[in-house]
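Printed here is target.txt (compact mmCIF, C-alpha atoms (C1' of nucleotides)):
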```
# COMPACT_ATOMS: atom_id res chain seq x y z
CA MET A 1 1.69 32.33 -11.49
CA HIS A 2 4.86 30.53 -10.60
CA PRO A 3 6.44 29.06 -13.75
CA ALA A 4 6.77 25.62 -12.15
CA LEU A 5 3.04 25.55 -11.46
CA LYS A 6 2.30 26.85 -14.92
CA GLN A 7 4.32 24.01 -16.37
CA HIS A 8 2.48 21.55 -14.16
CA LEU A 9 -0.86 22.73 -15.56
CA GLU A 10 0.42 22.85 -19.12
CA GLY A 11 -1.70 20.73 -21.44
CA LYS A 12 -4.02 19.72 -18.63
CA LEU A 13 -5.97 22.91 -18.34
CA ILE A 14 -6.80 25.78 -20.67
CA LEU A 15 -7.14 28.94 -18.63
CA SER A 16 -8.52 32.39 -19.18
CA PRO A 17 -6.24 35.14 -17.78
CA GLU A 18 -8.80 35.65 -15.06
CA HIS A 19 -8.84 32.02 -14.00
CA GLU A 20 -5.09 31.91 -14.16
CA ARG A 21 -4.97 34.82 -11.75
CA LEU A 22 -7.39 33.06 -9.42
CA ILE A 23 -5.20 29.96 -9.29
CA ALA A 24 -2.06 32.02 -8.78
CA ASN A 25 -3.70 33.77 -5.83
CA CYS A 26 -4.76 30.55 -4.17
CA PHE A 27 -1.26 29.07 -4.12
CA LYS A 28 0.90 30.83 -1.50
CA THR A 29 4.66 30.55 -1.66
CA ARG A 30 6.45 29.09 1.34
CA PHE A 31 10.13 28.38 1.92
CA THR A 32 11.23 25.74 4.41
CA LYS A 33 14.53 24.87 6.01
CA ARG A 34 16.11 21.45 5.88
CA ASN A 35 14.15 19.09 8.17
CA GLU A 36 11.55 21.68 8.98
CA VAL A 37 8.26 20.17 10.11
CA LEU A 38 5.19 21.43 8.25
CA VAL A 39 2.55 19.21 9.79
CA GLU A 40 2.82 17.69 13.25
CA LYS A 41 1.32 14.29 13.88
CA GLY A 42 -1.93 14.85 15.77
CA SER A 43 -2.75 18.11 14.01
CA ILE A 44 -4.97 18.42 10.96
CA ALA A 45 -3.31 18.73 7.56
CA LYS A 46 -5.01 21.82 6.21
CA HIS A 47 -3.00 22.27 3.05
CA LEU A 48 -2.02 20.64 -0.16
CA TYR A 49 1.60 21.26 -1.15
CA PHE A 50 3.07 21.70 -4.59
CA VAL A 51 6.84 21.21 -4.52
CA VAL A 52 8.71 23.77 -6.61
CA LYS A 53 12.15 22.86 -5.27
CA GLY A 54 13.29 20.32 -2.70
CA CYS A 55 11.04 17.59 -1.41
CA LEU A 56 8.52 16.63 1.23
CA ARG A 57 8.34 13.52 3.33
CA VAL A 58 5.13 12.24 4.88
CA PHE A 59 6.12 9.92 7.69
CA LEU A 60 4.87 7.97 10.68
CA THR A 61 6.44 7.72 14.11
CA ASP A 62 5.68 5.13 16.75
CA ASN A 63 6.11 5.31 20.51
CA ASP A 64 9.65 3.89 20.36
CA GLY A 65 10.70 6.66 18.00
CA ASN A 66 10.76 4.44 14.91
CA GLU A 67 9.92 6.24 11.71
CA SER A 68 8.28 5.01 8.51
CA THR A 69 8.00 7.03 5.34
CA ARG A 70 4.54 6.83 3.85
CA PHE A 71 5.14 9.07 0.90
CA LEU A 72 7.74 11.26 -0.79
CA ILE A 73 6.97 14.25 -2.96
CA PHE A 74 9.54 15.73 -5.32
CA GLU A 75 9.69 18.73 -7.66
CA GLY A 76 6.62 19.26 -9.80
CA ARG A 77 4.35 17.05 -7.72
CA MET A 78 1.62 17.69 -5.19
CA GLY A 79 0.77 15.99 -1.94
CA THR A 80 -0.05 16.18 1.74
CA ALA A 81 -1.04 13.95 4.64
CA PHE A 82 -3.95 12.90 2.53
CA PRO A 83 -6.27 11.07 4.94
CA SER A 84 -6.11 13.96 7.39
CA PHE A 85 -6.59 16.55 4.65
CA ILE A 86 -9.66 14.86 3.20
CA LEU A 87 -11.30 13.58 6.38
CA LYS A 88 -10.35 16.65 8.44
CA GLU A 89 -9.14 14.37 11.20
CA PRO A 90 -5.92 14.63 13.22
CA SER A 91 -3.11 13.24 11.13
CA VAL A 92 -1.39 9.98 11.99
CA ALA A 93 1.52 11.19 9.88
CA SER A 94 3.82 14.19 10.08
CA ILE A 95 5.26 16.12 7.16
CA GLN A 96 8.78 17.48 6.98
CA SER A 97 11.06 18.77 4.24
CA PRO A 98 14.24 16.67 4.29
CA GLU A 99 15.80 19.31 2.04
CA SER A 100 15.28 23.06 2.25
CA SER A 101 12.40 23.59 -0.12
CA GLU A 102 10.21 26.01 -2.00
CA LEU A 103 6.53 25.16 -1.89
CA LEU A 104 3.23 26.44 -3.19
CA VAL A 105 0.59 25.95 -0.56
CA LEU A 106 -3.11 25.49 -1.26
CA SER A 107 -5.63 25.49 1.58
CA TYR A 108 -8.56 23.06 1.70
CA ALA A 109 -11.00 25.92 1.18
CA ASP A 110 -9.06 27.18 -1.81
CA ARG A 111 -8.91 23.71 -3.28
CA ASP A 112 -12.68 23.58 -3.07
CA LEU A 113 -12.90 27.01 -4.60
CA LEU A 114 -10.79 25.96 -7.56
CA LEU A 115 -12.74 22.71 -7.95
CA GLN A 116 -15.91 24.75 -8.21
CA GLU A 117 -14.81 27.77 -10.12
CA ILE A 118 -12.33 26.61 -12.70
CA PRO A 119 -13.80 24.60 -15.57
CA GLY A 120 -11.77 21.44 -16.04
CA PHE A 121 -10.05 21.72 -12.68
CA GLU A 122 -11.97 18.88 -11.11
CA THR A 123 -11.27 16.62 -14.07
CA MET A 124 -7.57 17.43 -13.86
CA TYR A 125 -7.58 16.90 -10.11
CA ARG A 126 -9.47 13.63 -10.48
CA THR A 127 -7.07 12.37 -13.12
CA GLY A 128 -4.11 13.19 -10.89
CA LEU A 129 -5.81 11.38 -8.06
CA GLU A 130 -6.26 8.30 -10.22
CA LEU A 131 -2.55 8.25 -10.98
CA ASP A 132 -1.61 8.71 -7.32
CA TYR A 133 -3.99 5.91 -6.40
CA ILE A 134 -2.40 3.68 -9.04
CA ALA A 135 1.04 4.41 -7.61
CA SER A 136 -0.17 3.43 -4.16
CA ILE A 137 -1.70 0.21 -5.50
CA GLN A 138 1.61 -0.65 -7.08
CA ARG A 139 3.38 0.03 -3.82
CA ILE A 140 0.98 -2.33 -2.02
CA GLU A 141 1.74 -4.94 -4.65
CA SER A 142 5.45 -4.65 -4.12
CA LEU A 143 4.94 -4.94 -0.36
CA ILE A 144 2.78 -8.07 -0.49
CA THR A 145 4.55 -9.94 -3.28
CA MET A 146 8.25 -9.12 -3.02
CA ASP A 147 11.06 -9.54 -0.55
CA SER A 148 13.16 -6.55 0.44
CA LYS A 149 15.76 -7.05 -2.25
CA ALA A 150 13.19 -7.15 -5.03
CA ARG A 151 11.50 -4.06 -3.61
CA TYR A 152 14.82 -2.25 -3.55
CA ASN A 153 15.52 -3.19 -7.17
CA ILE A 154 12.10 -1.97 -8.26
CA LEU A 155 12.62 1.30 -6.42
CA MET A 156 15.98 1.67 -8.14
CA GLN A 157 14.29 1.21 -11.51
CA THR A 158 11.20 3.30 -10.97
CA GLN A 159 12.30 6.07 -8.60
CA PRO A 160 16.10 6.17 -8.51
CA GLU A 161 15.80 9.77 -7.32
CA ILE A 162 14.67 8.55 -3.93
CA ILE A 163 17.78 6.42 -3.53
CA LYS A 164 20.14 9.07 -4.84
CA ARG A 165 18.83 12.07 -2.99
CA LEU A 166 17.73 10.83 0.38
CA PRO A 167 19.62 9.29 3.28
CA ASN A 168 19.58 5.51 3.68
CA LYS A 169 17.48 5.78 6.76
CA ILE A 170 14.61 7.32 4.83
CA VAL A 171 15.00 4.97 1.87
CA ALA A 172 14.90 2.04 4.30
CA ASP A 173 11.79 3.08 6.13
CA TYR A 174 10.09 3.91 2.82
CA LEU A 175 10.75 0.31 1.79
CA GLY A 176 9.54 -0.93 5.15
CA ILE A 177 12.89 -2.43 6.14
CA SER A 178 15.61 -1.56 8.64
CA GLN A 179 18.52 0.64 7.78
CA GLU A 180 20.91 -2.25 8.38
CA THR A 181 19.08 -4.54 5.99
CA LEU A 182 19.21 -1.86 3.31
CA SER A 183 22.91 -1.39 3.87
CA ARG A 184 23.43 -5.13 3.43
CA LEU A 185 21.30 -5.24 0.28
CA LYS A 186 23.38 -2.50 -1.27
CA SER A 187 26.68 -4.22 -0.56
CA LYS A 188 25.54 -7.66 -1.74
CA LYS A 189 24.93 -6.18 -5.22
CA MET B 1 -32.27 1.13 -11.71
CA HIS B 2 -31.22 -1.69 -9.42
CA PRO B 3 -32.24 -0.84 -5.83
CA ALA B 4 -28.72 -1.59 -4.54
CA LEU B 5 -27.27 0.95 -6.95
CA LYS B 6 -29.98 3.42 -6.09
CA GLN B 7 -29.10 3.07 -2.44
CA HIS B 8 -25.43 3.54 -3.28
CA LEU B 9 -26.20 6.86 -4.98
CA GLU B 10 -28.61 7.96 -2.28
CA GLY B 11 -27.60 11.30 -0.81
CA LYS B 12 -24.62 11.60 -3.12
CA LEU B 13 -26.43 12.54 -6.26
CA ILE B 14 -29.76 14.20 -7.05
CA LEU B 15 -31.05 12.83 -10.31
CA SER B 16 -33.71 13.76 -12.80
CA PRO B 17 -35.74 10.76 -14.01
CA GLU B 18 -33.94 11.11 -17.33
CA HIS B 19 -30.48 10.99 -15.79
CA GLU B 20 -31.53 8.13 -13.60
CA ARG B 21 -32.53 6.20 -16.69
CA LEU B 22 -29.20 6.97 -18.33
CA ILE B 23 -27.30 5.59 -15.37
CA ALA B 24 -29.52 2.52 -15.18
CA ASN B 25 -28.83 1.81 -18.85
CA CYS B 26 -25.07 2.10 -18.47
CA PHE B 27 -24.82 -0.51 -15.71
CA LYS B 28 -25.42 -4.00 -17.12
CA THR B 29 -26.33 -6.85 -14.79
CA ARG B 30 -24.05 -9.87 -14.72
CA PHE B 31 -24.18 -13.03 -12.63
CA THR B 32 -21.05 -15.04 -11.91
CA LYS B 33 -20.41 -18.48 -10.53
CA ARG B 34 -18.19 -19.21 -7.57
CA ASN B 35 -14.54 -18.72 -8.57
CA GLU B 36 -15.43 -17.47 -12.03
CA VAL B 37 -12.71 -15.33 -13.57
CA LEU B 38 -13.86 -11.97 -14.91
CA VAL B 39 -10.53 -10.50 -15.93
CA GLU B 40 -7.53 -12.59 -16.92
CA LYS B 41 -4.07 -11.31 -16.08
CA GLY B 42 -2.59 -9.95 -19.30
CA SER B 43 -5.91 -8.68 -20.66
CA ILE B 44 -7.19 -5.14 -20.26
CA ALA B 45 -9.75 -4.46 -17.53
CA LYS B 46 -12.45 -2.72 -19.52
CA HIS B 47 -15.09 -2.50 -16.81
CA LEU B 48 -15.83 -1.13 -13.43
CA TYR B 49 -17.85 -3.49 -11.23
CA PHE B 50 -20.47 -2.66 -8.67
CA VAL B 51 -21.10 -5.61 -6.36
CA VAL B 52 -24.79 -6.18 -5.62
CA LYS B 53 -24.29 -9.58 -4.01
CA GLY B 54 -21.20 -11.71 -3.38
CA CYS B 55 -17.72 -10.32 -3.76
CA LEU B 56 -14.82 -9.77 -6.11
CA ARG B 57 -11.16 -10.46 -5.59
CA VAL B 58 -8.42 -8.67 -7.48
CA PHE B 59 -5.32 -10.82 -7.21
CA LEU B 60 -1.79 -11.36 -8.49
CA THR B 61 -0.15 -14.61 -9.50
CA ASP B 62 3.55 -15.24 -9.92
CA ASN B 63 5.34 -17.86 -11.99
CA ASP B 64 5.41 -20.34 -9.10
CA GLY B 65 1.63 -20.16 -8.78
CA ASN B 66 1.69 -18.05 -5.63
CA GLU B 67 -1.26 -15.72 -5.30
CA SER B 68 -1.58 -12.35 -3.59
CA THR B 69 -4.82 -10.51 -3.09
CA ARG B 70 -4.52 -6.86 -3.97
CA PHE B 71 -8.06 -5.87 -3.25
CA LEU B 72 -11.43 -7.23 -2.15
CA ILE B 73 -14.79 -5.72 -3.08
CA PHE B 74 -17.95 -6.53 -1.17
CA GLU B 75 -21.63 -5.66 -1.50
CA GLY B 76 -22.38 -2.04 -2.24
CA ARG B 77 -18.86 -1.17 -3.36
CA MET B 78 -17.21 -0.62 -6.72
CA GLY B 79 -13.89 -1.65 -8.09
CA THR B 80 -11.80 -3.23 -10.80
CA ALA B 81 -8.18 -3.89 -11.73
CA PHE B 82 -7.69 -0.18 -11.44
CA PRO B 83 -4.29 0.47 -13.03
CA SER B 84 -5.28 -1.51 -16.12
CA PHE B 85 -8.69 0.15 -16.31
CA ILE B 86 -7.30 3.67 -16.14
CA LEU B 87 -4.11 3.25 -18.13
CA LYS B 88 -5.68 0.85 -20.63
CA GLU B 89 -2.71 -1.45 -20.26
CA PRO B 90 -2.70 -5.24 -19.83
CA SER B 91 -3.52 -6.04 -16.26
CA VAL B 92 -0.95 -7.46 -13.87
CA ALA B 93 -3.85 -8.66 -11.76
CA SER B 94 -6.75 -11.00 -12.42
CA ILE B 95 -10.27 -10.67 -11.06
CA GLN B 96 -12.43 -13.52 -9.85
CA SER B 97 -15.56 -13.86 -7.76
CA PRO B 98 -14.76 -16.14 -4.80
CA GLU B 99 -18.51 -16.38 -4.21
CA SER B 100 -21.22 -16.58 -6.83
CA SER B 101 -22.13 -12.96 -7.33
CA GLU B 102 -24.45 -10.44 -8.86
CA LEU B 103 -22.71 -7.47 -10.44
CA LEU B 104 -23.51 -4.26 -12.23
CA VAL B 105 -20.95 -3.68 -14.93
CA LEU B 106 -19.94 -0.27 -16.26
CA SER B 107 -17.70 0.03 -19.31
CA TYR B 108 -14.91 2.60 -19.54
CA ALA B 109 -16.78 4.46 -22.27
CA ASP B 110 -19.95 4.54 -20.21
CA ARG B 111 -18.04 5.75 -17.18
CA ASP B 112 -16.78 8.65 -19.29
CA LEU B 113 -20.27 9.26 -20.56
CA LEU B 114 -21.63 9.51 -17.04
CA LEU B 115 -18.75 11.71 -15.94
CA GLN B 116 -19.62 14.10 -18.74
CA GLU B 117 -23.38 13.97 -18.82
CA ILE B 118 -24.53 13.69 -15.23
CA PRO B 119 -24.10 16.86 -13.16
CA GLY B 120 -22.40 15.96 -9.89
CA PHE B 121 -21.29 12.55 -11.09
CA GLU B 122 -17.64 13.51 -11.37
CA THR B 123 -17.66 15.02 -7.89
CA MET B 124 -19.21 11.85 -6.48
CA TYR B 125 -16.74 9.71 -8.38
CA ARG B 126 -13.84 11.86 -7.23
CA THR B 127 -14.95 11.70 -3.62
CA GLY B 128 -15.20 7.92 -3.82
CA LEU B 129 -11.75 7.83 -5.34
CA GLU B 130 -10.38 9.89 -2.45
CA LEU B 131 -11.79 7.40 0.03
CA ASP B 132 -10.41 4.41 -1.88
CA TYR B 133 -7.04 6.13 -2.04
CA ILE B 134 -7.14 6.74 1.70
CA ALA B 135 -7.90 3.07 2.30
CA SER B 136 -4.90 2.10 0.20
CA ILE B 137 -2.67 4.55 2.06
CA GLN B 138 -3.77 2.99 5.32
CA ARG B 139 -3.00 -0.45 3.96
CA ILE B 140 0.50 0.70 2.99
CA GLU B 141 0.92 2.02 6.51
CA SER B 142 -0.03 -1.28 8.05
CA LEU B 143 2.39 -3.07 5.74
CA ILE B 144 5.38 -0.86 6.50
CA THR B 145 4.85 -0.34 10.21
CA MET B 146 3.34 -3.52 11.62
CA ASP B 147 4.24 -7.17 11.93
CA SER B 148 1.84 -9.83 10.72
CA LYS B 149 0.04 -10.21 14.02
CA ALA B 150 -0.69 -6.51 14.30
CA ARG B 151 -1.89 -6.43 10.70
CA TYR B 152 -4.21 -9.32 11.41
CA ASN B 153 -5.63 -7.59 14.47
CA ILE B 154 -6.25 -4.41 12.51
CA LEU B 155 -7.98 -6.35 9.77
CA MET B 156 -10.15 -8.03 12.38
CA GLN B 157 -11.14 -4.62 13.72
CA THR B 158 -11.65 -2.79 10.45
CA GLN B 159 -12.85 -5.45 8.02
CA PRO B 160 -13.95 -8.52 9.99
CA GLU B 161 -16.06 -9.47 6.98
CA ILE B 162 -12.94 -10.45 5.09
CA ILE B 163 -11.89 -12.85 7.82
CA LYS B 164 -15.35 -14.29 8.32
CA ARG B 165 -16.36 -14.77 4.72
CA LEU B 166 -13.24 -15.76 2.86
CA PRO B 167 -10.96 -18.78 3.13
CA ASN B 168 -7.75 -18.46 5.12
CA LYS B 169 -5.70 -18.69 2.01
CA ILE B 170 -7.15 -15.47 0.64
CA VAL B 171 -7.03 -13.68 3.99
CA ALA B 172 -3.36 -14.67 4.27
CA ASP B 173 -2.31 -13.43 0.88
CA TYR B 174 -4.31 -10.25 1.40
CA LEU B 175 -2.21 -9.67 4.52
CA GLY B 176 0.95 -10.54 2.62
CA ILE B 177 1.75 -13.58 4.76
CA SER B 178 1.69 -17.34 4.28
CA GLN B 179 -1.34 -19.42 5.07
CA GLU B 180 0.58 -21.29 7.76
CA THR B 181 1.60 -18.09 9.52
CA LEU B 182 -2.02 -16.94 9.55
CA SER B 183 -3.15 -20.25 10.99
CA ARG B 184 -0.60 -19.88 13.78
CA LEU B 185 -1.60 -16.28 14.50
CA LYS B 186 -5.21 -17.33 14.89
CA SER B 187 -4.42 -20.11 17.34
CA LYS B 188 -1.99 -18.04 19.44
CA LYS B 189 -4.88 -15.60 20.12
C1' DG C 1 -25.15 -38.40 2.56
C1' DT C 2 -20.65 -39.79 1.04
C1' DG C 3 -16.52 -39.93 -1.38
C1' DA C 4 -13.46 -36.65 -3.31
C1' DT C 5 -11.34 -32.41 -3.18
C1' DT C 6 -10.08 -28.46 -1.10
C1' DT C 7 -8.72 -26.07 2.97
C1' DA C 8 -6.69 -25.71 7.61
C1' DT C 9 -3.53 -27.06 11.17
C1' DT C 10 0.73 -28.51 13.10
C1' DG C 11 5.68 -29.80 13.34
C1' DA C 12 10.46 -29.38 11.96
C1' DC C 13 13.58 -26.80 9.80
C1' DT C 14 15.41 -22.78 7.07
C1' DA C 15 15.77 -18.20 5.49
C1' DT C 16 15.05 -13.56 5.98
C1' DT C 17 14.98 -9.61 8.49
C1' DG C 18 15.30 -7.06 12.89
C1' DT C 19 17.87 -5.49 16.99
C1' DC C 20 21.73 -4.04 19.55
C1' DA C 21 26.26 -2.45 19.66
C1' DA C 22 30.60 -0.87 18.02
C1' DT C 23 33.11 1.48 14.59
C1' DC C 24 33.83 4.16 10.63
C1' DT C 25 32.43 7.80 7.39
C1' DT C 26 30.18 11.75 5.87
C1' DT C 27 27.89 15.96 6.52
C1' DT C 28 26.65 19.96 8.94
C1' DT C 29 27.29 24.10 11.38
C1' DG C 30 29.46 27.57 13.84
C1' DC D 1 38.31 24.45 9.03
C1' DA D 2 37.30 21.85 12.99
C1' DA D 3 34.34 19.93 16.24
C1' DA D 4 30.09 17.85 16.59
C1' DA D 5 26.36 15.54 14.86
C1' DA D 6 24.30 12.53 11.85
C1' DG D 7 24.47 8.70 8.87
C1' DA D 8 26.41 4.23 7.16
C1' DT D 9 28.50 -0.18 7.77
C1' DT D 10 29.48 -4.50 9.96
C1' DG D 11 29.21 -8.33 13.31
C1' DA D 12 26.70 -11.26 16.52
C1' DC D 13 22.56 -12.85 17.85
C1' DA D 14 17.38 -13.09 18.18
C1' DA D 15 12.94 -13.08 16.34
C1' DT D 16 9.79 -13.39 12.79
C1' DA D 17 7.99 -15.53 8.97
C1' DG D 18 8.50 -18.88 5.04
C1' DT D 19 8.85 -23.64 3.21
C1' DC D 20 8.03 -28.43 3.05
C1' DA D 21 5.55 -32.23 4.61
C1' DA D 22 2.18 -34.82 7.05
C1' DT D 23 -2.26 -35.00 8.99
C1' DA D 24 -6.83 -33.35 10.18
C1' DA D 25 -10.95 -30.92 9.15
C1' DA D 26 -14.24 -28.87 6.33
C1' DT D 27 -16.58 -28.28 2.13
C1' DC D 28 -18.15 -29.48 -2.42
C1' DA D 29 -20.30 -32.08 -5.94
C1' DC D 30 -22.60 -35.91 -7.20
```
Kindly return the structure encoded in the file as structure tokens.
Amino acid sequence: MHPALKQHLEGKLILSPEHERLIANCFKTRFTKRNEVLVEKGSIAKHLYFVVKGCLRVFLTDNDGNESTRFLIFEGRMGTAFPSFILKEPSVASIQSPESSELLVLSYADRDLLLQEIPGFETMYRTGLELDYIASIQRIESLITMDSKARYNILMQTQPEIIKRLPNKIVADYLGISQETLSRLKSKK
Amino acid sequence: MHPALKQHLEGKLILSPEHERLIANCFKTRFTKRNEVLVEKGSIAKHLYFVVKGCLRVFLTDNDGNESTRFLIFEGRMGTAFPSFILKEPSVASIQSPESSELLVLSYADRDLLLQEIPGFETMYRTGLELDYIASIQRIESLITMDSKARYNILMQTQPEIIKRLPNKIVADYLGISQETLSRLKSKK
DNA sequence: GTGATTTATTGACTATTGTCAATCTTTTTG
DNA sequence: CAAAAAGATTGACAATAGTCAATAAATCAC
């Protein structure tokens, strides 16, 4: 099993050697280039991704070519185009790796296998889901209660990594504002 | 067991009479008056609510008295101030019932009990969580990609109940816009 | 039912943010 | 390293949405 995944499971799951092997076999390693697209909008997201190195960006594009970042996934975290993955419907969002990345890829079928076979896996998965859901609730809150400056400040406090590592354009569309507005926010303090 | 709850579990869970009794005992009936507050901001949300009749509103208030609706829960659905409930931290949000309501209330401890004792309960709970998470992702999408008119139209399509049943003020702060803007959107088609 | 209270609408004005365009800077890639 | 591409900044203007205030309408509570 990849050490990064092992660390991720540390403390959350006690595994027999056999079960550990099963998990290791379900997660397939994949390397991506900078800006490589993993899931095209309109296709079905068939995998869950664990980011070993680099990051993933789940984003939306409209007919005018505008992009909006729905979600960012950094080292040690899992994610995908979740609605498509769960509902098995064509995805509204695409996924790309803004940085060249190393991923561990879990198929839907293998996720189900692990949920069924590994004692404690569903509880761990469910707990992770709760935390992801909480994060999305907090993002909704920031969108409905704050102006763009306040949202930027919160992002700076809670996920400075996003601001440091990713281009302004992505930071801006993650915040739901234009690149120019972000640029002005940054200069005005 | 309350017939509304029974219907909610229908097809999702096969229960022995014994397990059915256990579930019935964990959910306590509560009636609320119009605008009654169930959870005060700053307190810990210790319960999960199943709405039999009426509805619940999870909302935020700022220092100027502005309110924002984070979440609305109608008949046949469950919810609470989720981050507080899970993390056991003081809630940023309050909960009230905008209509006089009938609820089935499940404590955190009883939720854990059911998760442990009832076979299939965790899977059902997890699946429900996935769907709630998807709904929140879609709400984020509408907030970062659409203007207020488009968001209103989507709400009209997907949850017309919210618009029909609740006062404009609540609809507006659910959409993250001012009451006046909503009023103008409605008149301009 | 009726007065009182809450809610909704409308107007005038302001503030915030978006768009378009030009320029400057940084990064990438061969 | 250099040319090319991508990203960032800034200005001018437009559009969207917010605020404040007055009035109208609807709803509640007695």
Sorted by chain and rising residue number, list the residues of chain B at most 7 Å from chain A (counting all atoms listed in the file), each with its closest atom pair and distance in Å to one decimal, as a tab-separated table.
```
residue	atom	partner	partner_atom	distance
B:Ser68	CA	A:Thr145	CA	6.6
B:Arg70	CA	A:Glu141	CA	6.6
B:Phe82	CA	A:Ile134	CA	7.0
B:Pro83	CA	A:Ile134	CA	5.5
B:Arg126	CA	A:Arg126	CA	5.7
B:Tyr133	CA	A:Tyr133	CA	5.3
B:Ile134	CA	A:Pro83	CA	5.5
B:Ser136	CA	A:Ser136	CA	6.6
B:Ile137	CA	A:Ser136	CA	6.8
B:Ile140	CA	A:Ile140	CA	5.9
B:Glu141	CA	A:Arg70	CA	6.6
B:Leu143	CA	A:Leu143	CA	6.9
B:Ile144	CA	A:Gly176	CA	4.4
B:Thr145	CA	A:Ser68	CA	6.6
B:Gly176	CA	A:Ile144	CA	4.4
```
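Residues having any atom no farther than 8 Å from (-23.7, -8.5, -9.6) (counting only C-alpha atoms (C1' of nucleotides)) are Thr29, Arg30, Phe31, Thr32, Tyr49, Phe50, Val51, Val52, Lys53, Gly54, Ser101, Glu102, Leu103, Leu104 and Val105 of chain B.
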Please measure the separation of C1' of DT27 (chain D) and C1' of DA4 (chain C), giving the value in Å to one decimal. 10.5 Å
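Here CA of Asp64 (chain A) and CA of Ala172 (chain A) stand 17.0 Å from one another.
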Polymer residues at most 8 Å from region 8-20 of chain C, only C-alpha atoms (C1' of nucleotides), same-chain spacing of 5 or more positions, as JSON, numbers by chain: {"A": [177, 178, 181], "B": [168, 180, 183], "D": [14, 15, 16, 17, 18, 19, 24, 25]}
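In this comparison, which uses all atoms listed in the file, the residue of A:Gln157, A:Arg34, A:Leu72, A:Val171 approaching chain C most closely is A:Arg34.
Those residues that approach Asn35 (chain A) to within 6 Å, counting all atoms listed in the file, are Gln96, Ser97 and Pro98 of chain A; same-chain residues fewer than 6 positions away are not listed.
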For Tyr108 (chain A), list every protein, DNA or RNA residue within 8 Å, evaluated using all atoms listed in the file, and leave out those in the same chain fewer than 5 positions away; present the list as a ChimeraX atom specification. /A:46-48,85
For region 95-99 of chain A, which lacks atoms in the input, supply all heavy atoms and format the output as a compact mmCIF listing (two decimals), in the frame of the given file.
```
# COMPACT_ATOMS: atom_id res chain seq x y z
N ILE A 95 4.61 15.75 8.42
CA ILE A 95 5.26 16.12 7.16
C ILE A 95 6.47 16.97 7.48
O ILE A 95 6.40 17.89 8.31
CB ILE A 95 4.32 16.92 6.24
CG1 ILE A 95 3.03 16.13 5.98
CG2 ILE A 95 5.02 17.24 4.92
CD1 ILE A 95 2.06 16.85 5.03
N GLN A 96 7.59 16.64 6.85
CA GLN A 96 8.78 17.48 6.98
C GLN A 96 9.40 17.65 5.60
O GLN A 96 9.08 16.91 4.67
CB GLN A 96 9.79 16.84 7.93
CG GLN A 96 10.39 15.59 7.38
CD GLN A 96 11.58 15.06 8.15
OE1 GLN A 96 12.16 14.07 7.78
NE2 GLN A 96 11.96 15.71 9.23
N SER A 97 10.30 18.62 5.48
CA SER A 97 11.06 18.77 4.24
C SER A 97 12.49 18.33 4.51
O SER A 97 13.24 19.05 5.16
CB SER A 97 11.00 20.20 3.73
OG SER A 97 11.39 21.11 4.75
N PRO A 98 12.88 17.17 4.04
CA PRO A 98 14.24 16.67 4.29
C PRO A 98 15.30 17.57 3.67
O PRO A 98 16.44 17.58 4.12
CB PRO A 98 14.26 15.30 3.60
CG PRO A 98 12.85 14.95 3.32
CD PRO A 98 12.10 16.24 3.21
N GLU A 99 14.90 18.31 2.64
CA GLU A 99 15.80 19.31 2.04
C GLU A 99 15.11 20.67 2.19
O GLU A 99 13.89 20.74 2.25
CB GLU A 99 15.97 19.03 0.54
CG GLU A 99 16.44 17.62 0.23
CD GLU A 99 16.40 17.32 -1.27
OE1 GLU A 99 15.91 18.17 -2.04
OE2 GLU A 99 16.88 16.24 -1.66
```
